[in-house]
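Heads up, start_11.txt below (compact mmCIF, C-alpha atoms):
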# COMPACT_ATOMS: atom_id res chain seq x y z
CA ASP A 1 0.00 0.00 0.00
CA THR A 2 2.19 2.80 -1.32
CA ALA A 3 1.23 6.14 0.17
CA VAL A 4 2.61 8.33 -2.62
CA SER A 5 3.33 6.64 -5.91
CA GLN A 6 4.93 7.95 -9.07
CA THR A 7 5.22 6.50 -12.53
CA PRO A 8 7.48 5.92 -14.24
CA LYS A 9 10.46 5.44 -11.94
CA TYR A 10 12.90 5.95 -14.80
CA LEU A 11 12.41 7.98 -17.94
CA VAL A 12 14.99 8.25 -20.71
CA THR A 13 14.09 10.41 -23.66
CA GLN A 14 15.55 12.65 -26.32
CA MET A 15 15.66 16.40 -26.44
CA GLY A 16 12.56 17.97 -27.84
CA ASN A 17 10.20 15.22 -26.76
CA ASP A 18 7.17 15.68 -24.52
CA LYS A 19 6.75 13.46 -21.48
CA SER A 20 4.51 13.09 -18.44
CA ILE A 21 5.06 11.88 -14.90
CA LYS A 22 2.09 10.72 -12.88
CA CYS A 23 1.64 10.99 -9.14
CA GLU A 24 -1.04 9.60 -6.88
CA GLN A 25 -1.46 9.70 -3.13
CA ASN A 26 -3.84 7.59 -1.06
CA LEU A 27 -3.33 9.46 2.19
CA GLY A 28 -6.34 11.71 1.81
CA HIS A 29 -4.11 14.79 1.85
CA ASP A 30 -5.24 18.12 0.47
CA THR A 31 -1.89 19.43 -0.70
CA MET A 32 0.49 18.00 -3.25
CA TYR A 33 3.87 19.15 -4.53
CA TRP A 34 6.39 18.66 -7.27
CA TYR A 35 10.09 19.00 -6.50
CA LYS A 36 13.16 18.82 -8.69
CA GLN A 37 16.38 17.44 -7.27
CA ASP A 38 19.50 18.14 -9.26
CA SER A 39 22.72 16.14 -9.39
CA LYS A 40 24.03 17.99 -6.33
CA LYS A 41 20.99 16.87 -4.35
CA PHE A 42 19.55 20.37 -4.14
CA LEU A 43 15.78 20.18 -3.66
CA LYS A 44 13.77 22.83 -5.41
CA ILE A 45 10.02 23.25 -5.13
CA MET A 46 8.34 23.57 -8.50
CA PHE A 47 4.62 23.56 -7.85
CA SER A 48 2.19 23.09 -5.05
CA TYR A 49 -1.53 22.37 -5.32
CA ASN A 50 -4.16 22.53 -2.62
CA ASN A 51 -7.36 20.67 -3.39
CA LYS A 52 -6.75 20.90 -7.15
CA GLU A 53 -5.83 24.59 -7.07
CA LEU A 54 -2.37 25.89 -7.85
CA ILE A 55 -0.89 27.77 -4.90
CA ILE A 56 2.81 27.84 -5.72
CA ASN A 57 4.43 28.16 -9.11
CA GLU A 58 8.08 28.64 -8.42
CA THR A 59 9.33 30.35 -11.56
CA VAL A 60 9.29 27.20 -13.57
CA PRO A 61 9.50 27.42 -17.39
CA ASN A 62 6.19 27.26 -19.19
CA ARG A 63 7.27 23.95 -20.67
CA PHE A 64 6.32 22.43 -17.32
CA SER A 65 2.61 22.12 -16.75
CA PRO A 66 1.10 20.45 -13.72
CA LYS A 67 -2.37 19.01 -13.88
CA SER A 68 -4.49 17.99 -10.91
CA PRO A 69 -7.63 16.13 -12.00
CA ASP A 70 -8.55 15.54 -8.35
CA LYS A 71 -6.90 16.09 -5.03
CA ALA A 72 -5.35 12.62 -5.02
CA HIS A 73 -3.49 13.14 -8.29
CA LEU A 74 -0.94 15.64 -9.49
CA ASN A 75 0.66 14.94 -12.83
CA LEU A 76 3.55 16.77 -14.43
CA HIS A 77 3.77 17.28 -18.16
CA ILE A 78 6.97 18.54 -19.72
CA ASN A 79 7.10 19.85 -23.29
CA SER A 80 10.16 20.19 -25.50
CA LEU A 81 12.52 18.51 -23.09
CA GLU A 82 15.99 19.99 -22.70
CA LEU A 83 19.23 18.52 -21.42
CA GLY A 84 18.97 20.68 -18.29
CA ASP A 85 15.72 18.99 -17.36
CA SER A 86 17.62 15.85 -16.43
CA ALA A 87 17.05 15.38 -12.70
CA VAL A 88 15.05 13.41 -10.20
CA TYR A 89 11.50 14.64 -9.82
CA PHE A 90 9.68 14.01 -6.58
CA CYS A 91 6.02 14.24 -5.88
CA ALA A 92 4.93 14.81 -2.29
CA SER A 93 1.76 15.31 -0.30
CA SER A 94 0.86 16.71 3.08
CA PRO A 95 -2.26 17.31 5.16
CA ASP A 96 -1.58 21.05 5.08
CA MET A 97 -4.43 23.23 3.90
CA GLY A 98 -2.20 25.49 1.83
CA LEU A 99 -2.08 28.43 4.20
CA ALA A 100 1.21 27.41 5.75
CA ILE A 101 3.42 24.39 5.95
CA SER A 102 3.12 22.94 9.42
CA TYR A 103 2.98 19.25 8.65
CA GLU A 104 5.51 16.86 7.25
CA GLN A 105 5.47 15.99 3.59
CA TYR A 106 5.36 12.44 2.33
CA PHE A 107 7.38 11.82 -0.77
CA GLY A 108 7.00 9.49 -3.68
CA PRO A 109 9.95 7.32 -4.76
CA GLY A 110 11.06 9.82 -7.39
CA THR A 111 11.30 9.71 -11.17
CA ARG A 112 14.77 9.87 -12.64
CA LEU A 113 14.51 11.75 -15.91
CA THR A 114 17.42 11.56 -18.32
CA VAL A 115 17.32 13.71 -21.43
CA THR A 116 19.81 12.77 -24.15
CA ALA B 1 20.50 34.87 2.14
CA GLN B 2 20.35 31.21 2.91
CA LYS B 3 17.89 30.55 5.67
CA VAL B 4 18.82 26.97 6.44
CA THR B 5 22.50 26.22 6.70
CA GLN B 6 23.92 22.76 6.92
CA ALA B 7 27.58 23.62 7.11
CA GLN B 8 28.80 20.03 6.93
CA THR B 9 28.69 18.93 3.33
CA GLU B 10 30.09 15.47 3.97
CA ILE B 11 30.84 13.51 7.10
CA SER B 12 32.56 10.17 7.30
CA VAL B 13 32.58 8.09 10.48
CA VAL B 14 33.33 4.55 11.49
CA GLU B 15 30.51 2.34 12.67
CA LYS B 16 29.53 2.77 16.33
CA GLU B 17 30.78 6.34 16.47
CA ASP B 18 28.37 9.07 17.49
CA VAL B 19 27.83 11.80 14.92
CA THR B 20 26.07 15.16 15.03
CA LEU B 21 24.66 16.87 11.98
CA ASP B 22 24.32 20.60 12.35
CA CYS B 23 21.44 22.74 11.18
CA VAL B 24 21.29 26.50 11.68
CA TYR B 25 18.30 28.48 10.51
CA GLU B 26 17.30 32.09 10.15
CA THR B 27 13.81 33.47 10.53
CA ARG B 28 11.98 36.48 11.91
CA ASP B 29 8.83 34.50 12.55
CA THR B 30 7.92 33.58 16.10
CA THR B 31 6.00 30.56 14.88
CA TYR B 32 7.78 28.21 12.56
CA TYR B 33 8.46 24.55 12.01
CA LEU B 34 11.64 22.61 11.53
CA PHE B 35 12.03 19.25 9.85
CA TRP B 36 14.63 16.61 9.22
CA TYR B 37 14.49 14.22 6.27
CA LYS B 38 16.70 11.31 5.32
CA GLN B 39 17.59 10.31 1.77
CA PRO B 40 19.34 6.92 1.69
CA PRO B 41 21.26 5.74 -1.39
CA SER B 42 18.05 4.16 -2.72
CA GLY B 43 16.83 7.71 -3.31
CA GLU B 44 13.55 8.06 -1.44
CA LEU B 45 13.01 10.95 0.96
CA VAL B 46 11.97 9.85 4.43
CA PHE B 47 10.50 12.15 7.04
CA LEU B 48 12.27 11.90 10.41
CA ILE B 49 10.98 14.63 12.69
CA ARG B 50 8.94 17.83 12.89
CA ARG B 51 9.40 20.41 15.61
CA ASN B 52 7.46 23.62 16.16
CA SER B 53 9.09 26.73 17.50
CA PHE B 54 7.29 26.60 20.83
CA ASP B 55 8.51 23.16 21.70
CA GLU B 56 12.13 23.29 22.77
CA GLN B 57 12.21 19.87 24.34
CA ASN B 58 14.83 17.60 22.95
CA GLU B 59 13.55 14.53 21.22
CA ILE B 60 14.94 11.02 21.33
CA SER B 61 13.90 8.19 19.08
CA GLY B 62 16.05 5.12 19.48
CA ARG B 63 19.56 6.03 18.37
CA TYR B 64 18.39 9.36 16.97
CA SER B 65 18.13 12.53 19.01
CA TRP B 66 17.46 16.14 18.17
CA ASN B 67 18.61 19.23 20.04
CA PHE B 68 16.53 22.33 19.34
CA GLN B 69 17.99 25.58 20.69
CA LYS B 70 16.18 28.78 19.81
CA SER B 71 18.91 30.88 21.43
CA THR B 72 21.36 29.74 18.77
CA SER B 73 18.77 29.08 16.03
CA SER B 74 19.94 25.52 15.75
CA PHE B 75 18.25 22.18 15.34
CA ASN B 76 20.99 19.59 15.45
CA PHE B 77 20.62 15.90 14.85
CA THR B 78 22.71 13.27 16.62
CA ILE B 79 23.02 9.62 15.71
CA THR B 80 24.37 7.50 18.54
CA ALA B 81 26.32 4.35 17.78
CA SER B 82 26.06 4.89 14.04
CA GLN B 83 25.44 1.97 11.71
CA VAL B 84 26.13 1.45 8.04
CA VAL B 85 22.41 1.75 7.35
CA ASP B 86 22.55 5.34 8.60
CA SER B 87 24.55 6.27 5.50
CA ALA B 88 22.43 8.81 3.68
CA VAL B 89 21.99 12.45 2.86
CA TYR B 90 20.20 14.26 5.64
CA PHE B 91 18.21 17.41 5.00
CA CYS B 92 17.07 20.04 7.45
CA ALA B 93 14.14 22.26 6.41
CA LEU B 94 12.28 25.30 7.74
CA SER B 95 8.69 26.43 7.31
CA GLU B 96 7.67 29.96 8.23
CA THR B 97 4.01 30.49 9.09
CA ASN B 98 3.98 34.11 8.00
CA ALA B 99 5.37 33.35 4.60
CA GLY B 100 2.33 34.77 2.85
CA ASN B 101 2.50 33.69 -0.75
CA ASN B 102 5.84 32.07 -0.11
CA ARG B 103 4.39 28.97 1.53
CA LYS B 104 7.11 26.45 0.96
CA LEU B 105 9.73 24.50 2.78
CA ILE B 106 13.14 26.12 2.86
CA TRP B 107 15.64 23.32 2.46
CA GLY B 108 19.23 23.06 3.54
CA LEU B 109 21.72 21.73 1.04
CA GLY B 110 22.03 18.45 2.91
CA THR B 111 24.78 16.63 4.74
CA SER B 112 26.05 13.42 3.23
CA LEU B 113 26.86 10.94 5.97
CA ALA B 114 28.98 7.89 5.24
CA VAL B 115 29.21 5.29 7.98
CA ASN B 116 32.01 2.88 7.26
CA PRO B 117 32.24 -0.64 8.69
Using the file provided, produce a representation of the structure as C-alpha cells.
Amino acid sequence: DTAVSQTPKYLVTQMGNDKSIKCEQNLGHDTMYWYKQDSKKFLKIMFSYNNKELIINETVPNRFSPKSPDKAHLNLHINSLELGDSAVYFCASSPDMGLAISYEQYFGPGTRLTVT
Amino acid sequence: AQKVTQAQTEISVVEKEDVTLDCVYETRDTTYYLFWYKQPPSGELVFLIRRNSFDEQNEISGRYSWNFQKSTSSFNFTITASQVVDSAVYFCALSETNAGNNRKLIWGLGTSLAVNP
C-alpha cells in the first residue's frame, strides 16, 4: 500500500520530446507538490496544489505544466525537453491546507529523468 | 541569504561512532516549524521529525536525538552508535508560518553521511 506513488520510476528520452510523470497519493491529503532534485541533491520546489488549485508556481519554465484532475493526483507534463531537465523529480503530499506548511510531507519514490 | 544552513557537506565516520549533523536556521517568525528528512542511497526521501518553534524539548527516538535551541537558532541531529544503514543524505528544512505567498519549505543543502564498517 504505497502512500505516494509515481510513474514511471525511470524515464529516458531525447531532447525535444514531450513526457509526463504521474503521481497519486492515497493518504487523503489536500496538498500535493512537485520537487526537482539536481545532481548535487539540491531540492527545489516547482509547484504546489491545494485541493486541485495551484498555490505555488516557483518560476518554472512554461514547458512544465502540472495538472491535478482531483486532489489525489498531481501529474507533471513537460514539453520540449531539454538537457537541463535531467534530474530526479519528486512528488509529495501533506495534510496542510495550503495556508502554511506545518505538517511533514510524504514523498514518492522519485522519477529519474534523463534527457539525451 | 540562505535561511537553512547545513555547514557540513560530507561527514565520514566509522561504525559505532556518534555523529552530530548541524542545522542553523534564520527566521523572523515567532511561529515556525523545523524538519529533518533522510535520503538513503536508494533515493527516497523519508521524514524523520517535525518540531514547532514553541517546543524546545529535545527529542529522542532510538539512536536518533534532536537538540533544538532557539537561542542559537539551531536544530541539530545526533546519531548515537552509528550503523552502516545510517549512510544517507540528511536534509534540514524550515517552514515559516507568515510566509504569505511564499508557503514552501526552505531546504538546507544536505549533509552526506557515510558510515564505514
Practice task
When you get a sec, could you note down which chain A residues fall within 10 Å of chain B, using all atoms listed in the file, as a PyMOL selection string?
Solution key: chain A and resi 33+40-48+55-58+88+90+92+98-112
Problem - Shell of 9 Å around range 66-69 of chain B, only C-alpha atoms, local chain residues under 3 positions omitted, as a PyMOL selection string - result: chain B and resi 49+51+53+55-61+72-79
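For the residues A:Asn79, A:Ser39, A:Gln25, A:Thr31, ranking by smallest atom-to-atom distance to Asp96 in chain A using all atoms listed in the file places A:Thr31 first.
The set of protein, DNA and RNA residues with any counted atom at most 7 Å from (24.8, 22.7, 10.3) (all atoms listed in the file) reads Thr5, Gln6, Ala7, Gln8, Leu21, Asp22, Cys23 and Val24 of chain B.
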Include C-alpha atoms and write out the residues we just selected as a short mmCIF file (atom, residue, chain, number, x, y, z; two decimals), keeping the file's coordinate frame.
data_model
loop_
_atom_site.label_atom_id
_atom_site.label_comp_id
_atom_site.auth_asym_id
_atom_site.auth_seq_id
_atom_site.Cartn_x
_atom_site.Cartn_y
_atom_site.Cartn_z
CA THR B 5 22.50 26.22 6.70
CA GLN B 6 23.92 22.76 6.92
CA ALA B 7 27.58 23.62 7.11
CA GLN B 8 28.80 20.03 6.93
CA LEU B 21 24.66 16.87 11.98
CA ASP B 22 24.32 20.60 12.35
CA CYS B 23 21.44 22.74 11.18
CA VAL B 24 21.29 26.50 11.68
#
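Going from CA of Asp70 in chain A over to CA of Lys22 in chain A, you cover 12.5 Å.
Going from CA of Cys91 in chain A to CA of Thr116 in chain A covers 22.9 Å.
Of note, CA of Asn26 in chain A and CA of Tyr49 in chain A are spaced 15.6 Å apart.
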Practice task
Between A:Met97, A:Leu113, A:Leu74, A:Leu54, single out the one closest to Leu11 in chain A, counting all atoms listed in the file.
Solution key: A:Leu113
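Counting only C-alpha atoms and comparing B:Arg63, B:Arg28, B:Lys3, B:Lys38, the residue that lies closest to Lys16 in chain B is B:Arg63.
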Regenerate range 42-57 of chain A at the level of N, CA, C and O atoms and dump it as a PDB file, in the frame of the given file.
ATOM      1  N   PHE A  42      20.320  19.207  -4.549  1.00  0.00           N
ATOM      2  CA  PHE A  42      19.550  20.370  -4.140  1.00  0.00           C
ATOM      3  C   PHE A  42      18.083  20.171  -4.479  1.00  0.00           C
ATOM      4  O   PHE A  42      17.741  19.871  -5.622  1.00  0.00           O
ATOM      5  N   LEU A  43      17.218  20.354  -3.478  1.00  0.00           N
ATOM      6  CA  LEU A  43      15.780  20.180  -3.660  1.00  0.00           C
ATOM      7  C   LEU A  43      15.127  21.516  -3.931  1.00  0.00           C
ATOM      8  O   LEU A  43      15.227  22.449  -3.138  1.00  0.00           O
ATOM      9  N   LYS A  44      14.413  21.570  -5.048  1.00  0.00           N
ATOM     10  CA  LYS A  44      13.770  22.830  -5.410  1.00  0.00           C
ATOM     11  C   LYS A  44      12.279  22.596  -5.638  1.00  0.00           C
ATOM     12  O   LYS A  44      11.894  21.730  -6.415  1.00  0.00           O
ATOM     13  N   ILE A  45      11.456  23.360  -4.921  1.00  0.00           N
ATOM     14  CA  ILE A  45      10.020  23.250  -5.130  1.00  0.00           C
ATOM     15  C   ILE A  45       9.678  23.792  -6.516  1.00  0.00           C
ATOM     16  O   ILE A  45      10.240  24.791  -6.971  1.00  0.00           O
ATOM     17  N   MET A  46       8.792  23.101  -7.193  1.00  0.00           N
ATOM     18  CA  MET A  46       8.340  23.570  -8.500  1.00  0.00           C
ATOM     19  C   MET A  46       6.910  24.082  -8.415  1.00  0.00           C
ATOM     20  O   MET A  46       6.599  25.192  -8.812  1.00  0.00           O
ATOM     21  N   PHE A  47       6.040  23.223  -7.919  1.00  0.00           N
ATOM     22  CA  PHE A  47       4.620  23.560  -7.850  1.00  0.00           C
ATOM     23  C   PHE A  47       4.037  23.003  -6.557  1.00  0.00           C
ATOM     24  O   PHE A  47       4.528  22.021  -5.998  1.00  0.00           O
ATOM     25  N   SER A  48       2.956  23.664  -6.123  1.00  0.00           N
ATOM     26  CA  SER A  48       2.190  23.090  -5.050  1.00  0.00           C
ATOM     27  C   SER A  48       0.716  23.334  -5.358  1.00  0.00           C
ATOM     28  O   SER A  48       0.332  24.393  -5.866  1.00  0.00           O
ATOM     29  N   TYR A  49      -0.090  22.319  -5.089  1.00  0.00           N
ATOM     30  CA  TYR A  49      -1.530  22.370  -5.320  1.00  0.00           C
ATOM     31  C   TYR A  49      -2.243  22.067  -4.018  1.00  0.00           C
ATOM     32  O   TYR A  49      -1.858  21.152  -3.281  1.00  0.00           O
ATOM     33  N   ASN A  50      -3.302  22.824  -3.747  1.00  0.00           N
ATOM     34  CA  ASN A  50      -4.160  22.530  -2.620  1.00  0.00           C
ATOM     35  C   ASN A  50      -5.557  22.264  -3.144  1.00  0.00           C
ATOM     36  O   ASN A  50      -6.174  23.148  -3.732  1.00  0.00           O
ATOM     37  N   ASN A  51      -6.016  21.042  -2.962  1.00  0.00           N
ATOM     38  CA  ASN A  51      -7.360  20.670  -3.390  1.00  0.00           C
ATOM     39  C   ASN A  51      -7.624  21.076  -4.853  1.00  0.00           C
ATOM     40  O   ASN A  51      -8.603  21.731  -5.169  1.00  0.00           O
ATOM     41  N   LYS A  52      -6.709  20.694  -5.692  1.00  0.00           N
ATOM     42  CA  LYS A  52      -6.750  20.900  -7.150  1.00  0.00           C
ATOM     43  C   LYS A  52      -6.427  22.321  -7.594  1.00  0.00           C
ATOM     44  O   LYS A  52      -6.445  22.602  -8.782  1.00  0.00           O
ATOM     45  N   GLU A  53      -6.146  23.206  -6.669  1.00  0.00           N
ATOM     46  CA  GLU A  53      -5.830  24.590  -7.070  1.00  0.00           C
ATOM     47  C   GLU A  53      -4.356  24.884  -6.892  1.00  0.00           C
ATOM     48  O   GLU A  53      -3.767  24.586  -5.854  1.00  0.00           O
ATOM     49  N   LEU A  54      -3.789  25.538  -7.898  1.00  0.00           N
ATOM     50  CA  LEU A  54      -2.370  25.890  -7.850  1.00  0.00           C
ATOM     51  C   LEU A  54      -2.136  26.973  -6.815  1.00  0.00           C
ATOM     52  O   LEU A  54      -2.791  28.013  -6.833  1.00  0.00           O
ATOM     53  N   ILE A  55      -1.201  26.743  -5.883  1.00  0.00           N
ATOM     54  CA  ILE A  55      -0.890  27.770  -4.900  1.00  0.00           C
ATOM     55  C   ILE A  55       0.559  28.230  -4.971  1.00  0.00           C
ATOM     56  O   ILE A  55       0.888  29.305  -4.518  1.00  0.00           O
ATOM     57  N   ILE A  56       1.430  27.417  -5.512  1.00  0.00           N
ATOM     58  CA  ILE A  56       2.810  27.840  -5.720  1.00  0.00           C
ATOM     59  C   ILE A  56       3.245  27.449  -7.124  1.00  0.00           C
ATOM     60  O   ILE A  56       3.071  26.315  -7.544  1.00  0.00           O
ATOM     61  N   ASN A  57       3.788  28.427  -7.832  1.00  0.00           N
ATOM     62  CA  ASN A  57       4.430  28.160  -9.110  1.00  0.00           C
ATOM     63  C   ASN A  57       5.777  28.862  -9.019  1.00  0.00           C
ATOM     64  O   ASN A  57       5.858  30.081  -9.110  1.00  0.00           O
TER      65      ASN A  57
END
